[in-house]
Structures are given as C-alpha cells and as structure tokens.
2 protein chains.
Amino acid sequence: MSDPQILTVDLGARSYDIQVGHGLLEANPAFQAVAKGRSVAIVSDSNVDPLYGHQVELLLAPVAHQVVRIVVPAGESSKCWEQLDAIHDRMLEAHLDRKSLVVALGGGVVGDLAGFAAASFQRGIDFVQVPTSLLAQVDSSVGGKTGINHRRGKNMVGAFHQPRLVVADTGVLRTLPPRELAAGLAEVIKHGAIADRTYLEQVAADMPALLACDPDALARAILVSMRIKAGVVAADEREAGVRAHLNFGHTFGHAVEVGAGYGKWLHGEAVAAGMVMAADLSVRLGRMPATDMAVLVQAIEAAGLPVKAPQWPVDDYLRYMSIDKKADRGTPVFVVLDGLGKAATTRADEALVREVIATHLG
Amino acid sequence: MSDPQILTVDLGARSYDIQVGHGLLEANPAFQAVAKGRSVAIVSDSNVDPLYGHQVELLLAPVAHQVVRIVVPAGESSKCWEQLDAIHDRMLEAHLDRKSLVVALGGGVVGDLAGFAAASFQRGIDFVQVPTSLLAQVDSSVGGKTGINHRRGKNMVGAFHQPRLVVADTGVLRTLPPRELAAGLAEVIKHGAIADRTYLEQVAADMPALLACDPDALARAILVSMRIKAGVVAADEREAGVRAHLNFGHTFGHAVEVGAGYGKWLHGEAVAAGMVMAADLSVRLGRMPATDMAVLVQAIEAAGLPVKAPQWPVDDYLRYMSIDKKADRGTPVFVVLDGLGKAATTRADEALVREVIATHLG
C-alpha cells in the first residue's frame with residue numbers, strides 16, 4: 001500500500017477515520033489494529049466476496065482471534081430481515097459476542113445490511129466499512145446510516161451506527177461495472193451541486209477521465225466528495241438540519257426507485273433524474289438561474305446518467321413521495337438550490353411540484 | 001393524579017425523567033407534553049391493552065395528532081421478528097414518521113419489543129415507557145435496553161435506546177397476578193443485594209406488606225429500586241463496567257430460562273434461583289460471610305420465590321451459560337458480592353462453578 005490519505009469525521013467519542021488510497025486491502029496496519037484479538041465477521045455479497053473476501057481474510061487473520069466470512073446474495077433484495085437474521089445466526093453460531101467486529105465488504109447494500117447487523121447484534125458492536133463501489137465510497141459508507149427495507153418502504157428499519165474505520169481502496173473500482181461507476185458519479189455531482197460549485201465544474205471537466213477509471217481523477221473526486229459528506233455529517237449526525245441537504249434529488253429519486261421496484265433503477269440513476277427535477281423546482285421558485293441548472297444537467301448527461309424519469313402518471317409520483325422517509329407528517333420537504341453550490345430545504349405547492357414532475361418524464 | 005415523585009436519569013442530551021405515583025394514566029401534563037402534536041403508537045399486549053389501552057388513548061388523544069393502538073399477543077414469544085415487523089407495518093400504514101412517538105404500555109416484553117420497534121423505526125424515534133408490571137417498573141423500563149430474542153439466545157438482537165419519559169403508575173400493580181408480583185420482588189431484592197444492605201433488610205421486613213400490594217410499601221420499594229438502577233445506568237450507559245453489577249444472579253438465571261424454554265420460568269424466578277448460586281459462589285470465593293448469604297436466601301424465600309434450580313445435568317448449565325450475552329469470548333463472567341450491598345465481577349474456575357450449581361438443584 002501507499003500511505004492512504006486520512007479524513008477524520010469528528011463526532012466526539014464516536015469519531016472515526018476514513019482512509020482513501022491504493023492497496024489498502026493488501027497491507028493496512030490501522031485496519032489490523034482495529035481487528036486485533038477480536039472475532040471478526042467479514043460480511044460480503046456473492047459478487048464481491050469472490051473478488052476480495054479472501055484478501056481481507058488474509059489481511060486480518062494473522063491478528064484476529066478468528067475470522068468468519070458471511071456471504072449474502074448480491075442485490076438490493078438482500079436488504080431484508082431474512083438476510084439480517086442469517087447473518088446474526090452465523091455470528092452466534094461462531095460465538096461472536098459484544099467485543100467482536102463486523103467488516104462490511106461491498107457496496108451500499110452490504111454496508112447498510114452489515115452495518116445494521118452490527119448495530120443490532122447484542123445491542124450494538126463495532127464495524128468497519130470497506131466500500132467497494134464508487135457510490136458506497138463517496139456516499140453510503142460515510143454517515144452511520146444503516147438499515148434494511150420494509151415492504152412499505154426503503155430503509156424503513158434501521159439505526160444510526162457509526163463505523164470505527166472506513167477503508168476506501170480506489171484500486172477495487174477497476175472491477176466495478178461501468179453502469180455502477182456512472183451511478184456513483186451521480187452522488188459526486190450531487191456533492192458539488194449542494195456544496196461546491198468549483199468542484200462540480202472540475203468533475204464535469206474530468207468526466208472522460210473518471211469514466212475511464214483514471215486512478216488520479218477518481219482519488220481526487222472521492223476525497224473531495226467524502227470531505228463534503230463527512231463535514232455535513234459531523235455538523236448534523238442525526239439529520240435534524242443541514243444533513244437533509246444530502247438528500248438533494250432524493251425525494252423525487254426515491255419515487256422513481258419505489259415505482260420501478262427496488263433495483264430496477266440504480267440509486268444513482270434515480271438520484272440523477274431526481275436532481276434534474278429538484279433543480280427545476282429551484283429555478284421555478286426563483287432561487288436559482290436557469291443557466292446553473294444547465295451546468296448541472298450537462299454534468300449529469302456527460303456521466304451518461306438519465307435526466308428523464310419514467311412516464312408514469314404524476315399522481316403516482318406524488319403517492320410514492322408521500323411515504324418517503326424525508327416526509328414531515330405527510331408533506332414532502334424538498335431540498336433546493338440557492339444557486340449551484342448552496343442547498344436549502346423548503347416545502348412547495350403541490351401544483352408546482354406536479355408541473356416540475358410532468359416536465360421531466362420521457 | 002397526585003403529583004408524582006420524579007427521578008432524573010442523567011445521560012446528558014439523552015437525560016429523562018421517571019415518574020412514580022398514583023393515577024398517572026388519568027391525568028399527566030408531562031406525558032401529554034411529550035405526545036403533543038405527534039402521531040402516537042400505543043404498543044401493548046393482549047393482557048394489558050384491555051385493562052389500560054383505552055385509558056392511555058383517552059389521555060393522549062386530546063393533544064396528539066393521531067393515536068393508533070397496536071396489540072401483540074401476551075408472552076415472551078412476542079419478542080420476535082414477526083411481531084416487530086407487524087408493529088412497523090402498522091406504524092407505516094398509519095403514516096407514522098421520524099417525528100412520531102411510540103408508547104410502550106406493558107411489562108418487560110412489551111417494553112423491550114416496543115422500545116426496539118422505536119429504536120429501529122426509520123433509524124430511531126422517541127418512545128415513552130409505561131411499565132405495568134413490578135418487574136418492568138423497577139428494572140426493565142430503566143436503562144434503555146431494548147430488543148428481541150433470537151432462536152440461539154435471549155435478547156441477541158436489539159439496541160440501546162433511551163426513553164423520553166418513564167411513567168410508573170403504582171395503581172396498575174393491583175391487576176398484576178401474584179406470581180408476577182413476586183417475580184418483580186426478585187429484582188427489588190437484587191438491588192438491595194448489590195447496592196444497599198439496609199434497603200435489603202427493609203424489603204425483607206416489608207415483605208408481607210409488599211405481597212399484600214400495600215401501596216405505600218410498593219411505592220417506597222419502587223422509588224429506591226429505580227434510584228439504584230438509574231444511578232448505575234447513569235454511571236455506565238452501555239454496560240462497559242459497573243452496569244454489569246445489575247446482572248447479579250443473571251448468568252445462572254439465564255441458564256435456567258434458556259434450559260426451561262423462555263417463559264416457563266418467569267425472569268424474576270430464574271434470577272432468584274440464580275442469586276442463590278451467585279451468593280454461594282461469593283461465599284466459596286471467600287468474598288462474603290455465609291451469614292450474609294442466609295439473609296439473602298431468607299428474603300428470597302419470604303417473597304415466595306424459588307431458591308433451587310431445575311435438576312438438570314451440570315454440563316447443561318455450563319453449555320447454556322457459554323452463549324450467555326454477558327460472556328467474554330466464551331468464558332462466563334460472574335457478578336459476585338463482597339458482602340451484602342457491594343457487587344463486583346470476576347471469572348471463576350469451572351470446577352468451583354460446577355460445585356455451586358450442583359449444590360442448588362432440587
């Protein structure tokens with residue numbers, strides 16, 4: 001490994017480090033220090049475990065008390081009670097206890113599922129995030145959100161549970177399918193849109209290099225994105241205020257995910273189409289010039305991401321949004337932009353929301 | 001209502017009040033203030049809901065946005081995923097959200113289940129404990145432990161989640177079955193044994209009044225017991241240190257519960273027999289005079305609680321204890337007494353533990 005760059009997420013007693021670098025699964029003293037002497041469950045999925053499970057086991061086995069590998073089927077449908085229960089079953093079978101450690105090795109699904117397995121095992125044990133998708137590296141591995149889906153809604157069952165360490169190895173992204181790489185770029189674009197206009201413009205300029213998996217371009221984007229997200233999380237751990245800004249594009253986007261059935265649209269794809277709607281809402285509310293919206297739409301298109309949502313009745317969209325978890329007593333709250341690089345939350349008239357949705361179907 | 005006595009559990013930003021008094025379900029401005037303007041789910045069981053569900057609904061409905069009542073079957077077997085999921089389903093159906101409130105109305109099972117339903121709903125929402133058994137009032141409603149059982153062990157899935165308020169109405173204890181009243185007294189005796197010898201002696205002297213449900217004697221015992229428990233919890237919220245003292249009698253006792261099948265022995269009954277073993281271990285380790293053990297055994301017998309555990313092979317007891325959640329990498333840790341009123345934790349030789357167990361079967 002080369003020495004990783006370190007970001008520290010400042011949450012008092014629950015502060016933790018994020019490592020970004022190459023080769024972090026081959027040699028990693030800080031990761032080994034967390035695992036030292038403990039029983040470790042490496043939770044991964046059927047795509048990622050064959051690629052990196054053995055490598056992480058080799059890294060930790062020399063220092064750990066024992067290492068067990070637990071593999072769930074790849075895909076969003078594993079974010080369910082049955083898989084959570086199966087993980088707990090294996091952990092209990094191997095006599096893991098309150099001092100044991102969970103390692104979440106995979107994308108956002110594994111991070112959410114394994115994170116909640118750690119949060120709810122014997123009332124909460126430590127875990128380390130090893131995100132292997134771009135989306136997970138820039139988004140879901142930072143912030144402590146864990147959980148599973150309920151048939152009535154996504155992420156309805158879960159906990160805030162901060163990792164002890166996040167290990168973001170840029171090298172693993174070379175095995176990522178191109179569609180998932182693009183979906184991860186949606187969150188990178190989002191971070192620029194809500195917090196840093198210059199960064200958004202840089203990402204747009206770097207887009208060919210990012211899509212070609214250029215390691216330097218990726219490392220640069222991951223670091224800035226994680227710094228933006230970590231900063232917001234540190235300021236608002238439990239999403240009472242500014243953390244809601246990270247949901248830019250998500251209220252509309254979740255409607256797309258719910259309506260299509262989880263997993264049909266990748267999360268980043270739905271967020272991309274949702275950001276276009278949220279940007280248009282910002283323009284129609286007089287909070288952002290249309291030229292800013294054009295810059296955002298251009299970046300989304302350059303990443304090969306969708307700017308249109310499915311052609312469903314607008315009533316369906318409203319219905320899907322009313323059970324969205326960001327709803328406040330049934331009325332959706334929208335994250336809007338006061339120009340690129342500055343986010344805010346607002347309610348909006350239903351008529352206006354209907355217009356915005358209708359404009360971006362196709 | 002008469003003005004309740006208030007104990008404050010000091011946990012910084014998560015501090016909360018415990019009310020002890022009569023008529024607290026008839027009029028209660030502090031409880032109403034917590035529910036004001038919110039969607040409220042009153043979670044109860046098939047024994048308690050018919051007795052007090054309507055009363056609590058009448059108390060909260062005038063101030064709440066809406067009130068839904070959710071009833072699970074009475075008994076330990078409701079501490080399972082299926083009931084947790086059914087509660088979440090009803091909450092989502094009624095459009096409860098992150099700002100909603102769960103009220104746990106019942107004994108320890110309802111408190112653990114409804115508390116975990118609140119802890120895991122949309123990553124954690126507020127809840128109020130309304131304990132209706134003596135055991136729940138003096139023990140499980142204080143401390144923030146929530147959870148459900150796993151087929152491999154009790155309370156293996158759960159979270160620490162502190163209530164916003166605990167409403168302990170001594171009036172509801174008049175509807176409690178005598179066997180459950182006695183089981184609650186086991187925890188009262190335990191609090192005296194680990195923290196306050198004078199209190200233990202007072203409880204022993206008051207035993208006839210307590211068993212006759214004398215309100216003054218009950219209120220006195222509940223207040224002191226909650227104060228002892230709240231003090232320990234405040235000093236050690238996540239059971240890293242002194243909070244383990246509250247597990248006096250529980251390592252042996254859980255083996256009885258596990259071996260008999262959950263619900264055959266009441267928790268307090270198992271703890272009573274477990275305290276006799278733990279006291280004997282303390283004597284054999286030279287940490288407590290045998291005369292102190294006699295005082296404890298006498299109090300347990302006076303409450304009509306068992307001092308003998310079931311006649312199973314000692315190997316079975318050791319096996320049941322090895323998956324106990326208080327185990328530290330497979331080796332059980334025991335809470336012992338350095339004389340009545342002072343607890344400590346220790347490991348012990350297996351041979352000695354075997355002797356202790358064999359002595360108290362019958």
# chains A, B, ... in the order shown; residues from 1 in each chain; ligands from 1
call {"tool": "calpha_fit_and_write", "arguments": {"fixed": "chain A", "moving": "chain B", "output": "compact mmCIF listing (two decimals) with C-alpha atoms, in the first residue's frame"}}
result
# COMPACT_ATOMS: atom_id res chain seq x y z
CA MET B 1 0.03 -0.01 0.02
CA SER B 2 0.94 3.64 -0.34
CA ASP B 3 0.15 5.71 2.73
CA PRO B 4 -3.56 6.51 2.50
CA GLN B 5 -4.95 9.98 2.86
CA ILE B 6 -6.95 10.31 6.06
CA LEU B 7 -10.13 12.24 6.72
CA THR B 8 -11.36 12.33 10.30
CA VAL B 9 -15.12 12.52 10.90
CA ASP B 10 -15.43 14.47 14.13
CA LEU B 11 -18.24 13.03 16.25
CA GLY B 12 -16.73 13.28 19.72
CA ALA B 13 -16.42 9.85 21.32
CA ARG B 14 -17.66 8.26 18.07
CA SER B 15 -15.12 9.98 15.78
CA TYR B 16 -13.54 7.81 13.13
CA ASP B 17 -11.03 7.91 10.29
CA ILE B 18 -11.66 7.45 6.58
CA GLN B 19 -8.71 6.10 4.58
CA VAL B 20 -8.52 6.80 0.82
CA GLY B 21 -5.72 5.17 -1.19
CA HIS B 22 -4.41 2.24 -3.22
CA GLY B 23 -3.67 -1.29 -1.98
CA LEU B 24 -5.40 -0.81 1.35
CA LEU B 25 -6.60 -4.42 1.38
CA GLU B 26 -3.05 -5.80 0.98
CA ALA B 27 -1.35 -4.17 3.95
CA ASN B 28 -3.06 -1.91 6.43
CA PRO B 29 -1.73 -1.55 9.99
CA ALA B 30 -4.60 0.70 11.12
CA PHE B 31 -7.23 -1.80 9.93
CA GLN B 32 -5.31 -4.64 11.56
CA ALA B 33 -5.13 -2.69 14.82
CA VAL B 34 -8.93 -2.46 14.95
CA ALA B 35 -9.28 -6.23 14.34
CA LYS B 36 -6.51 -7.25 16.75
CA GLY B 37 -7.50 -10.08 19.10
CA ARG B 38 -11.18 -9.97 18.14
CA SER B 39 -13.58 -12.35 16.45
CA VAL B 40 -14.28 -10.80 13.04
CA ALA B 41 -17.23 -11.43 10.71
CA ILE B 42 -16.49 -10.29 7.15
CA VAL B 43 -19.91 -9.74 5.56
CA SER B 44 -19.91 -9.52 1.76
CA ASP B 45 -22.08 -10.42 -1.21
CA SER B 46 -21.91 -13.00 -3.97
CA ASN B 47 -20.26 -10.53 -6.37
CA VAL B 48 -17.65 -9.02 -4.08
CA ASP B 49 -16.68 -11.92 -1.83
CA PRO B 50 -15.10 -13.93 -4.70
CA LEU B 51 -13.07 -10.85 -5.69
CA TYR B 52 -11.87 -9.52 -2.32
CA GLY B 53 -13.14 -11.73 0.51
CA HIS B 54 -10.05 -13.91 0.65
CA GLN B 55 -7.75 -10.89 0.51
CA VAL B 56 -9.40 -9.22 3.51
CA GLU B 57 -9.37 -12.53 5.39
CA LEU B 58 -5.62 -12.86 4.70
CA LEU B 59 -5.09 -9.32 5.97
CA LEU B 60 -6.97 -9.81 9.24
CA ALA B 61 -6.48 -13.50 10.10
CA PRO B 62 -2.90 -13.05 11.41
CA VAL B 63 -4.05 -10.56 14.06
CA ALA B 64 -7.67 -11.59 14.76
CA HIS B 65 -8.90 -14.19 17.24
CA GLN B 66 -10.94 -15.76 14.43
CA VAL B 67 -12.32 -14.66 11.07
CA VAL B 68 -15.62 -15.87 9.61
CA ARG B 69 -16.83 -14.93 6.14
CA ILE B 70 -20.56 -14.43 5.61
CA VAL B 71 -21.88 -14.05 2.06
CA VAL B 72 -25.33 -12.77 1.08
CA PRO B 73 -26.80 -12.75 -2.45
CA ALA B 74 -25.85 -9.63 -4.43
CA GLY B 75 -28.60 -7.06 -4.89
CA GLU B 76 -31.00 -4.74 -3.07
CA SER B 77 -33.33 -7.61 -2.18
CA SER B 78 -30.77 -8.76 0.40
CA LYS B 79 -31.60 -5.69 2.49
CA CYS B 80 -34.27 -7.70 4.26
CA TRP B 81 -34.96 -9.32 7.57
CA GLU B 82 -34.18 -12.84 6.33
CA GLN B 83 -30.60 -11.95 5.40
CA LEU B 84 -30.12 -9.92 8.58
CA ASP B 85 -31.29 -12.89 10.60
CA ALA B 86 -29.02 -15.25 8.65
CA ILE B 87 -26.02 -13.01 9.43
CA HIS B 88 -26.90 -12.95 13.14
CA ASP B 89 -27.33 -16.71 13.06
CA ARG B 90 -23.84 -17.22 11.65
CA MET B 91 -22.38 -14.76 14.15
CA LEU B 92 -23.99 -16.58 17.08
CA GLU B 93 -23.03 -19.96 15.69
CA ALA B 94 -19.40 -18.79 15.64
CA HIS B 95 -19.81 -17.47 19.23
CA LEU B 96 -19.24 -13.86 18.31
CA ASP B 97 -20.00 -11.56 21.23
CA ARG B 98 -20.18 -7.92 22.23
CA LYS B 99 -16.47 -7.40 21.67
CA SER B 100 -16.48 -8.84 18.16
CA LEU B 101 -16.15 -6.85 14.94
CA VAL B 102 -18.17 -6.78 11.72
CA VAL B 103 -16.43 -5.83 8.46
CA ALA B 104 -18.83 -4.67 5.73
CA LEU B 105 -17.10 -5.55 2.44
CA GLY B 106 -19.14 -4.41 -0.54
CA GLY B 107 -21.34 -1.68 -1.95
CA GLY B 108 -24.18 0.23 -0.34
CA VAL B 109 -26.42 -2.80 0.16
CA VAL B 110 -23.75 -4.69 2.10
CA GLY B 111 -22.82 -1.57 4.04
CA ASP B 112 -26.42 -0.92 5.10
CA LEU B 113 -27.17 -4.57 5.87
CA ALA B 114 -23.91 -5.44 7.64
CA GLY B 115 -23.91 -2.09 9.42
CA PHE B 116 -27.39 -2.79 10.81
CA ALA B 117 -26.33 -6.34 11.65
CA ALA B 118 -23.58 -4.79 13.80
CA ALA B 119 -25.89 -2.08 15.20
CA SER B 120 -28.48 -4.62 16.32
CA PHE B 121 -26.24 -7.52 17.39
CA GLN B 122 -26.32 -7.74 21.18
CA ARG B 123 -27.39 -4.07 21.24
CA GLY B 124 -24.54 -2.83 19.05
CA ILE B 125 -20.97 -3.88 18.24
CA ASP B 126 -18.16 -2.22 16.27
CA PHE B 127 -17.93 -2.35 12.50
CA VAL B 128 -15.55 -1.30 9.73
CA GLN B 129 -16.79 -0.18 6.31
CA VAL B 130 -14.83 -1.39 3.28
CA PRO B 131 -16.84 0.16 0.43
CA THR B 132 -16.13 -1.44 -2.95
CA SER B 133 -18.36 0.69 -5.20
CA LEU B 134 -17.88 4.35 -6.04
CA LEU B 135 -21.34 5.08 -4.69
CA ALA B 136 -20.53 3.50 -1.36
CA GLN B 137 -17.13 5.20 -1.18
CA VAL B 138 -18.44 8.70 -1.72
CA ASP B 139 -21.77 8.30 -0.03
CA SER B 140 -23.17 5.42 1.95
CA SER B 141 -20.00 4.43 3.84
CA VAL B 142 -19.87 7.84 5.51
CA GLY B 143 -22.52 8.96 7.95
CA GLY B 144 -23.55 5.98 10.02
CA LYS B 145 -26.86 5.24 8.30
CA THR B 146 -27.60 1.52 8.42
CA GLY B 147 -30.74 -0.45 7.78
CA ILE B 148 -32.93 -2.74 5.75
CA ASN B 149 -36.03 -2.24 3.63
CA HIS B 150 -39.64 -2.84 4.62
CA ARG B 151 -42.26 -3.85 2.08
CA ARG B 152 -43.85 -0.44 2.67
CA GLY B 153 -40.69 1.54 2.05
CA LYS B 154 -36.96 1.67 1.62
CA ASN B 155 -34.69 1.94 4.69
CA MET B 156 -37.69 2.02 7.02
CA VAL B 157 -35.98 -0.24 9.57
CA GLY B 158 -32.50 0.67 10.74
CA ALA B 159 -30.24 2.60 13.06
CA PHE B 160 -27.63 5.31 13.14
CA HIS B 161 -24.43 3.42 13.91
CA GLN B 162 -21.03 4.95 13.18
CA PRO B 163 -18.20 2.77 11.84
CA ARG B 164 -14.89 2.53 13.68
CA LEU B 165 -12.99 2.99 10.39
CA VAL B 166 -13.74 3.38 6.67
CA VAL B 167 -11.27 1.81 4.21
CA ALA B 168 -11.81 3.24 0.72
CA ASP B 169 -9.45 1.46 -1.68
CA THR B 170 -9.56 3.14 -5.09
CA GLY B 171 -7.97 0.05 -6.65
CA VAL B 172 -11.12 -2.04 -6.22
CA LEU B 173 -13.08 0.30 -8.50
CA ARG B 174 -11.41 -1.25 -11.56
CA THR B 175 -13.69 -4.29 -11.15
CA LEU B 176 -16.84 -2.16 -10.95
CA PRO B 177 -19.37 -2.45 -13.84
CA PRO B 178 -19.46 0.81 -15.89
CA ARG B 179 -23.13 1.38 -15.12
CA GLU B 180 -22.36 1.34 -11.38
CA LEU B 181 -19.40 3.65 -11.83
CA ALA B 182 -21.70 6.16 -13.53
CA ALA B 183 -24.30 5.76 -10.77
CA GLY B 184 -21.62 6.61 -8.22
CA LEU B 185 -20.78 9.76 -10.17
CA ALA B 186 -24.35 10.95 -9.56
CA GLU B 187 -23.52 11.38 -5.87
CA VAL B 188 -20.22 13.08 -6.75
CA ILE B 189 -22.17 15.54 -8.90
CA LYS B 190 -24.66 15.98 -6.07
CA HIS B 191 -21.92 16.91 -3.61
CA GLY B 192 -20.71 19.60 -5.98
CA ALA B 193 -24.26 20.86 -6.56
CA ILE B 194 -25.09 21.27 -2.86
CA ALA B 195 -21.74 22.43 -1.50
CA ASP B 196 -19.07 23.45 -4.03
CA ARG B 197 -19.71 24.88 -7.48
CA THR B 198 -15.99 24.84 -8.40
CA TYR B 199 -15.82 21.14 -7.56
CA LEU B 200 -18.85 20.46 -9.76
CA GLU B 201 -17.16 22.24 -12.66
CA GLN B 202 -13.95 20.26 -12.06
CA VAL B 203 -15.90 16.99 -12.04
CA ALA B 204 -17.62 17.93 -15.29
CA ALA B 205 -14.24 18.69 -16.88
CA ASP B 206 -12.75 15.41 -15.54
CA MET B 207 -15.72 13.34 -16.68
CA PRO B 208 -13.93 11.47 -19.52
CA ALA B 209 -11.07 10.56 -17.15
CA LEU B 210 -13.49 9.49 -14.42
CA LEU B 211 -15.46 7.28 -16.81
CA ALA B 212 -12.15 5.76 -17.99
CA CYS B 213 -11.37 4.89 -14.36
CA ASP B 214 -8.32 7.12 -14.21
CA PRO B 215 -6.99 6.52 -10.69
CA ASP B 216 -5.83 10.08 -10.02
CA ALA B 217 -9.11 11.62 -11.15
CA LEU B 218 -11.05 9.10 -9.06
CA ALA B 219 -8.95 9.63 -5.94
CA ARG B 220 -9.36 13.39 -6.24
CA ALA B 221 -13.14 13.15 -6.60
CA ILE B 222 -13.51 10.60 -3.80
CA LEU B 223 -11.50 12.73 -1.39
CA VAL B 224 -13.44 15.93 -2.05
CA SER B 225 -16.79 14.12 -2.00
CA MET B 226 -16.05 12.33 1.24
CA ARG B 227 -14.82 15.58 2.78
CA ILE B 228 -18.08 17.31 1.84
CA LYS B 229 -20.19 14.45 3.16
CA ALA B 230 -18.11 14.00 6.33
CA GLY B 231 -18.34 17.73 7.03
CA VAL B 232 -22.11 17.70 6.75
CA VAL B 233 -22.41 14.56 8.88
CA ALA B 234 -20.15 15.99 11.58
CA ALA B 235 -22.33 19.11 11.70
CA ASP B 236 -25.58 17.13 11.93
CA GLU B 237 -25.17 13.46 12.82
CA ARG B 238 -28.86 12.61 13.08
CA GLU B 239 -30.21 14.48 10.11
CA ALA B 240 -32.06 17.13 12.08
CA GLY B 241 -30.88 20.00 9.88
CA VAL B 242 -28.21 20.56 7.20
CA ARG B 243 -27.72 16.83 6.74
CA ALA B 244 -31.00 16.89 4.85
CA HIS B 245 -29.12 18.73 2.08
CA LEU B 246 -27.51 15.44 1.16
CA ASN B 247 -30.99 14.35 0.09
CA PHE B 248 -30.88 16.72 -2.90
CA GLY B 249 -32.56 14.82 -5.75
CA HIS B 250 -33.60 12.03 -3.39
CA THR B 251 -37.26 12.88 -2.77
CA PHE B 252 -38.01 12.69 -6.49
CA GLY B 253 -35.43 9.95 -6.97
CA HIS B 254 -36.89 7.66 -4.34
CA ALA B 255 -40.26 7.90 -6.09
CA VAL B 256 -38.56 6.52 -9.21
CA GLU B 257 -36.93 3.72 -7.22
CA VAL B 258 -40.15 2.82 -5.40
CA GLY B 259 -42.27 2.99 -8.55
CA ALA B 260 -39.89 0.90 -10.63
CA GLY B 261 -39.37 -1.64 -7.86
CA TYR B 262 -36.12 -1.56 -5.94
CA GLY B 263 -33.11 -2.46 -8.05
CA LYS B 264 -34.55 -1.72 -11.51
CA TRP B 265 -33.06 1.74 -11.45
CA LEU B 266 -29.71 2.05 -9.69
CA HIS B 267 -29.90 4.49 -6.78
CA GLY B 268 -27.54 6.94 -8.51
CA GLU B 269 -29.56 6.80 -11.72
CA ALA B 270 -32.75 7.67 -9.84
CA VAL B 271 -30.96 10.45 -7.98
CA ALA B 272 -29.67 11.83 -11.30
CA ALA B 273 -33.19 12.16 -12.73
CA GLY B 274 -34.34 13.44 -9.32
CA MET B 275 -31.66 16.14 -9.27
CA VAL B 276 -32.93 17.48 -12.59
CA MET B 277 -36.43 17.81 -11.10
CA ALA B 278 -35.12 19.37 -7.89
CA ALA B 279 -33.01 21.83 -9.89
CA ASP B 280 -36.02 22.76 -12.00
CA LEU B 281 -38.07 23.28 -8.84
CA SER B 282 -35.31 25.59 -7.58
CA VAL B 283 -35.47 27.59 -10.83
CA ARG B 284 -39.28 27.81 -10.77
CA LEU B 285 -39.14 29.00 -7.15
CA GLY B 286 -36.84 31.80 -8.32
CA ARG B 287 -33.94 30.53 -6.21
CA MET B 288 -31.50 29.60 -9.00
CA PRO B 289 -30.80 30.90 -12.52
CA ALA B 290 -31.67 28.55 -15.39
CA THR B 291 -28.03 28.73 -16.53
CA ASP B 292 -26.97 26.98 -13.30
CA MET B 293 -29.47 24.23 -13.98
CA ALA B 294 -27.97 23.81 -17.45
CA VAL B 295 -24.49 23.28 -15.96
CA LEU B 296 -25.88 20.56 -13.67
CA VAL B 297 -27.85 18.85 -16.45
CA GLN B 298 -24.75 18.89 -18.67
CA ALA B 299 -22.65 17.19 -15.97
CA ILE B 300 -25.33 14.51 -15.48
CA GLU B 301 -25.53 13.87 -19.22
CA ALA B 302 -21.74 13.76 -19.52
CA ALA B 303 -21.72 10.95 -16.94
CA GLY B 304 -24.13 9.02 -19.11
CA LEU B 305 -26.84 9.28 -16.45
CA PRO B 306 -30.59 9.70 -17.10
CA VAL B 307 -32.13 13.20 -17.00
CA LYS B 308 -35.69 11.92 -17.55
CA ALA B 309 -37.83 9.84 -15.18
CA PRO B 310 -40.28 7.11 -16.28
CA GLN B 311 -43.56 8.07 -17.99
CA TRP B 312 -45.92 7.32 -15.08
CA PRO B 313 -48.96 9.38 -14.07
CA VAL B 314 -47.93 12.35 -11.91
CA ASP B 315 -50.38 11.12 -9.24
CA ASP B 316 -48.23 8.02 -8.88
CA TYR B 317 -45.16 10.15 -8.20
CA LEU B 318 -47.00 12.10 -5.51
CA ARG B 319 -48.19 8.90 -3.91
CA TYR B 320 -44.71 7.40 -3.89
CA MET B 321 -43.32 10.58 -2.33
CA SER B 322 -45.87 10.74 0.48
CA ILE B 323 -44.35 7.73 2.23
CA ASP B 324 -40.83 8.94 1.63
CA LYS B 325 -38.94 8.91 4.91
CA LYS B 326 -37.94 12.53 4.48
CA ALA B 327 -41.62 13.45 4.64
CA ASP B 328 -42.69 15.60 7.56
CA ARG B 329 -46.19 14.42 8.57
CA GLY B 330 -47.13 13.48 5.05
CA THR B 331 -45.99 16.65 3.25
CA PRO B 332 -42.74 16.11 1.35
CA VAL B 333 -39.92 18.50 2.07
CA PHE B 334 -37.70 19.33 -0.91
CA VAL B 335 -34.01 20.13 -0.98
CA VAL B 336 -33.49 22.98 -3.44
CA LEU B 337 -30.50 25.03 -4.59
CA ASP B 338 -29.96 28.73 -3.99
CA GLY B 339 -27.63 28.63 -6.98
CA LEU B 340 -25.13 25.85 -7.66
CA GLY B 341 -23.12 25.03 -4.54
CA LYS B 342 -25.68 26.12 -1.93
CA ALA B 343 -28.59 23.99 -0.72
CA ALA B 344 -31.68 24.70 1.38
CA THR B 345 -34.90 22.91 2.31
CA THR B 346 -38.43 24.08 1.55
CA ARG B 347 -42.00 22.92 1.16
CA ALA B 348 -43.59 23.56 -2.22
CA ASP B 349 -47.11 23.86 -3.62
CA GLU B 350 -48.43 20.63 -4.95
CA ALA B 351 -49.39 22.27 -8.25
CA LEU B 352 -45.81 23.43 -8.82
CA VAL B 353 -44.43 20.01 -7.90
CA ARG B 354 -46.83 18.44 -10.42
CA GLU B 355 -45.60 20.80 -13.17
CA VAL B 356 -41.97 19.98 -12.39
CA ILE B 357 -42.56 16.24 -12.48
CA ALA B 358 -44.59 16.38 -15.72
CA THR B 359 -41.80 18.36 -17.42
CA HIS B 360 -39.12 15.69 -16.87
CA LEU B 361 -40.79 12.44 -17.86
CA GLY B 362 -39.78 10.69 -21.03
call {"tool": "select_by_dssp", "arguments": {"residues": "range 76-148 of chain B", "states": "helix (DSSP H, G or I)", "output": "MDAnalysis selection string"}}
result
chainID B and resid 76:78 81:93 108:120 134:140
call {"tool": "select_by_dssp", "arguments": {"residues": "range 65-307 of chain A", "states": "strand (DSSP E or B)", "output": "ChimeraX atom specification"}}
result
/A:66-72,101-106,121,126-131,145-150,153-160,165-169,262,265
